[in-house]
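Presented below is the structure to which this report refers.
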Amino acid sequence: MVRGEFSLVEQVHKQYRENLKLSLSFVILLVFVFFFLRFGNMALFNGTVFFDYSFSPISWEIILAELLAGLVFLAMYSILLTLLLLAVRNDLSHIKVHFYLREMVQKFFLTMFIYFVLLSVLFVGLVLVALGLNVPFVWVNAILLLLSLSLVFVPQSLVIDEKPILEAIQTNWYVIRSHPTDFLLVVILGTVLVGLLPLVEALVDSFVYAGRYITLLLMFGFVIPFLEILKTILYMNRFELVRGHEYAKKKHHGLRGLMVK
């Protein structure tokens with residue numbers, strides 16, 4: 001697949017490399033993960049933290065601690081994701097708007113944070129309702145997966161199109177319908193990358209029992225930023241915003257130089 005004078009793979013690799021500090025900054029979130037693992041209803045496997053929705057045997061103090069930690073985690077994740085998407089948007093845009101974007105970071109972050117909080121509440125609510133109705137858990141997971149996939153481009157719509165949340169969701173659905181191959185590319189590549197993590201964990205564990213921590217590093221330091229960069233490039237290609245030859249010749253610090261030291 002070729003976009004302009006660069007293949008899509010080259011574009012993603014270039015953006016990941018030039019935004020390396022921002023991409024690796026997601027590893028900071030591991031602090032929260034290790035805090036979550038102190039709770040009995042959370043477990044770590046294959047680079048993913050699994051949450052048990054059985055609140056009944058847990059005291060309200062623990063639930064409150066998990067809630068507060070979850071909100072701080074979402075806030076940090078929203079900040080890092082906003083900065084990464086803005087950096088890629090700035091690099092790939094025809095028009096440089098460094099100072100404008102810098103002033104808009106707070107707005108974008110707040111919108112992103114509210115979106116993730118609402119999404120988390122929706123997911124928890126759906127699970128609790130399903131459990132109350134004795135819906136098989138495999139069906140619950142399938143519903144959550146499909147819902148997640150249906151919202152795959154919402155962060156890009158929030159930052160690139162500067163849409164409010166409801167409009168961003170609608171725009172996201174429009175992009176999925178009008179560019180199904182891009183959507184399938186994200187889903188397939190994401191599935192492959194996440195699917196490789198159990199193999200990496202098993203391989204590392206055959207030498208030293210640290211596989212789950214290595215896969216966690218890979219998830220936050222590579223898989224998440226890589227996929228978000230890919231989605232941003234695909235999203236911006238709708239309007240042919242990604243530059244070709246000009247992008248290869250002109251390099252700049254962009255948001256990385258303004259926000260990340």
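Starting from 1 in every chain, residues are counted up; chains themselves are A, B, ... following the order of the structure tokens, and ligands are numbered from 1 as listed.
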
Would you kindly return, as a VMD selection string, each protein, DNA or RNA residue with an atom no farther than 12 Å from any atom of A:Leu126, considering only C-alpha atoms and excluding same-chain residues fewer than 3 positions away? chain A and resid 53 119 to 123 129 to 133 135 137 139 to 144 147

Using the chain letters and numbers from this document, which residues of stretch 12-227 of chain A does DSSP assign to helix (DSSP H, G or I), as JSON, numbers by chain? {"A": [12, 13, 14, 15, 16, 17, 18, 20, 21, 22, 23, 24, 25, 26, 27, 28, 29, 30, 31, 32, 33, 34, 35, 36, 60, 61, 62, 63, 64, 65, 66, 67, 68, 69, 70, 71, 72, 73, 74, 75, 76, 77, 78, 79, 80, 81, 82, 83, 84, 85, 86, 87, 88, 89, 90, 91, 92, 98, 99, 100, 101, 102, 103, 104, 105, 106, 107, 108, 109, 110, 111, 112, 113, 114, 115, 116, 117, 118, 119, 120, 121, 122, 123, 124, 125, 126, 127, 128, 129, 130, 131, 132, 137, 138, 139, 140, 141, 142, 143, 144, 145, 146, 147, 148, 149, 150, 154, 155, 156, 157, 158, 159, 160, 165, 166, 167, 168, 169, 170, 171, 172, 173, 174, 175, 176, 177, 178, 180, 181, 182, 183, 184, 185, 186, 187, 188, 189, 190, 191, 192, 193, 194, 195, 196, 197, 198, 199, 200, 201, 202, 203, 204, 205, 211, 212, 213, 214, 215, 216, 217, 218, 219, 220, 221, 222, 223, 224, 225, 226, 227]}

Might you pull out every residue within 10 Å of stretch 176-180 of chain A, with only C-alpha atoms counted and same-chain residues fewer than 2 positions away left off, and present them as number ranges by chain? A: 149-153, 170-174, 182-186, 234-235, 238

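Minimum atom-to-atom distances from A:Phe45, A:Phe113, A:Phe26, A:Trp60 to A:Ile214 were compared using only C-alpha atoms, and the lowest value belongs to A:Phe45.
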
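Comparing A:Ala65, A:Val175, A:Leu158, A:Leu110 by their smallest distance to A:Phe35, the closest is A:Ala65 (using only C-alpha atoms).
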
Applying 9 Å and only C-alpha atoms, which residues near A:Phe222 remain after dropping the ones on its own chain fewer than 2 positions away? List them as a PDB file with all heavy atoms, in the first residue's frame.
```pdb
ATOM      1  N   TYR A  16       6.680   7.091  14.114  1.00  0.00           N
ATOM      2  CA  TYR A  16       7.031   6.481  15.411  1.00  0.00           C
ATOM      3  C   TYR A  16       8.449   6.882  15.800  1.00  0.00           C
ATOM      4  O   TYR A  16       8.703   7.229  16.954  1.00  0.00           O
ATOM      5  CB  TYR A  16       6.914   4.962  15.327  1.00  0.00           C
ATOM      6  CG  TYR A  16       7.229   4.270  16.639  1.00  0.00           C
ATOM      7  CD1 TYR A  16       6.245   4.101  17.616  1.00  0.00           C
ATOM      8  CD2 TYR A  16       8.505   3.794  16.903  1.00  0.00           C
ATOM      9  CE1 TYR A  16       6.533   3.484  18.821  1.00  0.00           C
ATOM     10  CE2 TYR A  16       8.801   3.173  18.110  1.00  0.00           C
ATOM     11  CZ  TYR A  16       7.809   3.008  19.057  1.00  0.00           C
ATOM     12  OH  TYR A  16       8.104   2.396  20.259  1.00  0.00           O
ATOM     13  N   SER A  23       6.061   8.391  22.071  1.00  0.00           N
ATOM     14  CA  SER A  23       5.625   7.000  22.011  1.00  0.00           C
ATOM     15  C   SER A  23       6.061   6.237  23.258  1.00  0.00           C
ATOM     16  O   SER A  23       5.267   5.507  23.867  1.00  0.00           O
ATOM     17  CB  SER A  23       6.183   6.322  20.754  1.00  0.00           C
ATOM     18  OG  SER A  23       5.696   6.948  19.585  1.00  0.00           O
ATOM     19  N   LEU A  24       7.308   6.410  23.647  1.00  0.00           N
ATOM     20  CA  LEU A  24       7.823   5.706  24.820  1.00  0.00           C
ATOM     21  C   LEU A  24       7.256   6.266  26.121  1.00  0.00           C
ATOM     22  O   LEU A  24       7.317   5.600  27.156  1.00  0.00           O
ATOM     23  CB  LEU A  24       9.349   5.773  24.837  1.00  0.00           C
ATOM     24  CG  LEU A  24      10.061   5.049  23.683  1.00  0.00           C
ATOM     25  CD1 LEU A  24      11.572   5.182  23.830  1.00  0.00           C
ATOM     26  CD2 LEU A  24       9.661   3.576  23.642  1.00  0.00           C
ATOM     27  N   PHE A  26       4.314   6.469  26.924  1.00  0.00           N
ATOM     28  CA  PHE A  26       3.196   5.640  27.370  1.00  0.00           C
ATOM     29  C   PHE A  26       3.636   4.617  28.417  1.00  0.00           C
ATOM     30  O   PHE A  26       2.810   4.096  29.166  1.00  0.00           O
ATOM     31  CB  PHE A  26       2.556   4.923  26.178  1.00  0.00           C
ATOM     32  CG  PHE A  26       1.661   5.800  25.348  1.00  0.00           C
ATOM     33  CD1 PHE A  26       2.190   6.620  24.362  1.00  0.00           C
ATOM     34  CD2 PHE A  26       0.287   5.822  25.562  1.00  0.00           C
ATOM     35  CE1 PHE A  26       1.370   7.437  23.591  1.00  0.00           C
ATOM     36  CE2 PHE A  26      -0.548   6.634  24.804  1.00  0.00           C
ATOM     37  CZ  PHE A  26       0.004   7.446  23.817  1.00  0.00           C
ATOM     38  N   LEU A 217       5.527  -3.926  28.627  1.00  0.00           N
ATOM     39  CA  LEU A 217       6.372  -2.880  28.061  1.00  0.00           C
ATOM     40  C   LEU A 217       6.131  -2.735  26.559  1.00  0.00           C
ATOM     41  O   LEU A 217       6.054  -1.622  26.031  1.00  0.00           O
ATOM     42  CB  LEU A 217       7.844  -3.191  28.323  1.00  0.00           C
ATOM     43  CG  LEU A 217       8.375  -2.912  29.733  1.00  0.00           C
ATOM     44  CD1 LEU A 217       9.779  -3.488  29.889  1.00  0.00           C
ATOM     45  CD2 LEU A 217       8.391  -1.411  30.009  1.00  0.00           C
ATOM     46  N   LEU A 218       6.012  -3.872  25.875  1.00  0.00           N
ATOM     47  CA  LEU A 218       5.761  -3.837  24.438  1.00  0.00           C
ATOM     48  C   LEU A 218       4.392  -3.235  24.125  1.00  0.00           C
ATOM     49  O   LEU A 218       4.243  -2.486  23.152  1.00  0.00           O
ATOM     50  CB  LEU A 218       5.856  -5.253  23.862  1.00  0.00           C
ATOM     51  CG  LEU A 218       7.248  -5.880  23.806  1.00  0.00           C
ATOM     52  CD1 LEU A 218       7.164  -7.327  23.349  1.00  0.00           C
ATOM     53  CD2 LEU A 218       8.159  -5.081  22.875  1.00  0.00           C
ATOM     54  N   MET A 219       3.405  -3.552  24.934  1.00  0.00           N
ATOM     55  CA  MET A 219       2.056  -3.033  24.705  1.00  0.00           C
ATOM     56  C   MET A 219       2.020  -1.514  24.806  1.00  0.00           C
ATOM     57  O   MET A 219       1.507  -0.820  23.914  1.00  0.00           O
ATOM     58  CB  MET A 219       1.079  -3.652  25.702  1.00  0.00           C
ATOM     59  CG  MET A 219      -0.332  -3.078  25.634  1.00  0.00           C
ATOM     60  SD  MET A 219      -1.175  -3.424  24.063  1.00  0.00           S
ATOM     61  CE  MET A 219      -1.727  -5.110  24.392  1.00  0.00           C
ATOM     62  N   PHE A 220       2.603  -0.976  25.884  1.00  0.00           N
ATOM     63  CA  PHE A 220       2.530   0.469  26.104  1.00  0.00           C
ATOM     64  C   PHE A 220       3.585   1.241  25.313  1.00  0.00           C
ATOM     65  O   PHE A 220       3.339   2.379  24.899  1.00  0.00           O
ATOM     66  CB  PHE A 220       2.668   0.783  27.594  1.00  0.00           C
ATOM     67  CG  PHE A 220       1.411   0.535  28.375  1.00  0.00           C
ATOM     68  CD1 PHE A 220       1.238  -0.655  29.072  1.00  0.00           C
ATOM     69  CD2 PHE A 220       0.402   1.469  28.404  1.00  0.00           C
ATOM     70  CE1 PHE A 220       0.072  -0.893  29.788  1.00  0.00           C
ATOM     71  CE2 PHE A 220      -0.769   1.243  29.116  1.00  0.00           C
ATOM     72  CZ  PHE A 220      -0.938   0.055  29.803  1.00  0.00           C
ATOM     73  N   ILE A 224       0.478   0.229  21.354  1.00  0.00           N
ATOM     74  CA  ILE A 224      -0.504   1.313  21.448  1.00  0.00           C
ATOM     75  C   ILE A 224      -0.100   2.523  20.609  1.00  0.00           C
ATOM     76  O   ILE A 224      -0.881   2.987  19.768  1.00  0.00           O
ATOM     77  CB  ILE A 224      -0.750   1.707  22.916  1.00  0.00           C
ATOM     78  CG1 ILE A 224      -1.466   0.573  23.650  1.00  0.00           C
ATOM     79  CG2 ILE A 224      -1.564   3.002  23.005  1.00  0.00           C
ATOM     80  CD1 ILE A 224      -1.670   0.826  25.127  1.00  0.00           C
ATOM     81  N   PRO A 225       1.116   3.099  20.798  1.00  0.00           N
ATOM     82  CA  PRO A 225       1.462   4.265  19.958  1.00  0.00           C
ATOM     83  C   PRO A 225       1.549   3.933  18.480  1.00  0.00           C
ATOM     84  O   PRO A 225       1.164   4.750  17.634  1.00  0.00           O
ATOM     85  CB  PRO A 225       2.826   4.708  20.515  1.00  0.00           C
ATOM     86  CG  PRO A 225       3.344   3.544  21.279  1.00  0.00           C
ATOM     87  CD  PRO A 225       2.155   2.825  21.810  1.00  0.00           C
ATOM     88  N   PHE A 226       2.026   2.728  18.131  1.00  0.00           N
ATOM     89  CA  PHE A 226       2.119   2.332  16.726  1.00  0.00           C
ATOM     90  C   PHE A 226       0.741   2.326  16.074  1.00  0.00           C
ATOM     91  O   PHE A 226       0.553   2.868  14.975  1.00  0.00           O
ATOM     92  CB  PHE A 226       2.758   0.948  16.622  1.00  0.00           C
ATOM     93  CG  PHE A 226       2.956   0.472  15.208  1.00  0.00           C
ATOM     94  CD1 PHE A 226       4.102   0.791  14.501  1.00  0.00           C
ATOM     95  CD2 PHE A 226       1.981  -0.297  14.578  1.00  0.00           C
ATOM     96  CE1 PHE A 226       4.279   0.357  13.193  1.00  0.00           C
ATOM     97  CE2 PHE A 226       2.151  -0.734  13.277  1.00  0.00           C
ATOM     98  CZ  PHE A 226       3.307  -0.406  12.579  1.00  0.00           C
ATOM     99  N   LEU A 227      -0.233   1.723  16.736  1.00  0.00           N
ATOM    100  CA  LEU A 227      -1.584   1.653  16.176  1.00  0.00           C
ATOM    101  C   LEU A 227      -2.234   3.030  16.110  1.00  0.00           C
ATOM    102  O   LEU A 227      -2.957   3.335  15.155  1.00  0.00           O
ATOM    103  CB  LEU A 227      -2.445   0.696  17.007  1.00  0.00           C
ATOM    104  CG  LEU A 227      -2.094  -0.790  16.884  1.00  0.00           C
ATOM    105  CD1 LEU A 227      -2.959  -1.615  17.823  1.00  0.00           C
ATOM    106  CD2 LEU A 227      -2.266  -1.268  15.450  1.00  0.00           C
TER     107      LEU A 227
END
```

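When atom CA of A:Leu64 is paired with atom CA of A:Leu145, their separation reads 26.3 Å.
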
Every residue of stretch 14-219 of chain A that DSSP places in strand (DSSP E), as a ChimeraX atom specification: /A:42-45,48-51

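If you look at atom CA of A:Gly211 and atom CA of A:Leu189, they are 21.8 Å away from each other.
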
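Residue neighbourhood of stretch 78-84 of chain A, excluding near-sequence residues (fewer than 2 positions): Leu22, Phe26, Leu74, Ala75, Met76, Leu86, Ala87, Val88, Phe108, Phe109, Met112 and Phe113 of chain A, at 7 Å, using only C-alpha atoms.
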
Preceding selection exported with C-alpha atoms as a compact mmCIF listing (two decimals), in the first residue's frame:
```
# COMPACT_ATOMS: atom_id res chain seq x y z
CA LEU A 22 6.11 10.63 22.99
CA PHE A 26 3.20 5.64 27.37
CA LEU A 74 -7.39 7.78 32.11
CA ALA A 75 -6.23 11.38 32.59
CA MET A 76 -2.59 10.48 31.97
CA LEU A 86 -1.30 16.34 17.72
CA ALA A 87 2.36 15.67 16.91
CA VAL A 88 1.45 13.37 14.03
CA PHE A 108 -8.37 18.34 23.40
CA PHE A 109 -7.15 16.61 26.55
CA MET A 112 -10.49 13.02 25.33
CA PHE A 113 -10.60 12.41 29.08
```

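Considering the residues A:Val12, A:Ile188, A:Val138, A:Leu92 and counting only C-alpha atoms, A:Lys231 has its shortest atom-to-atom contact with A:Val12.
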
Please compute the atom CA of A:Ile160-atom CA of A:Arg89 distance, one decimal, in Å. 6.8 Å
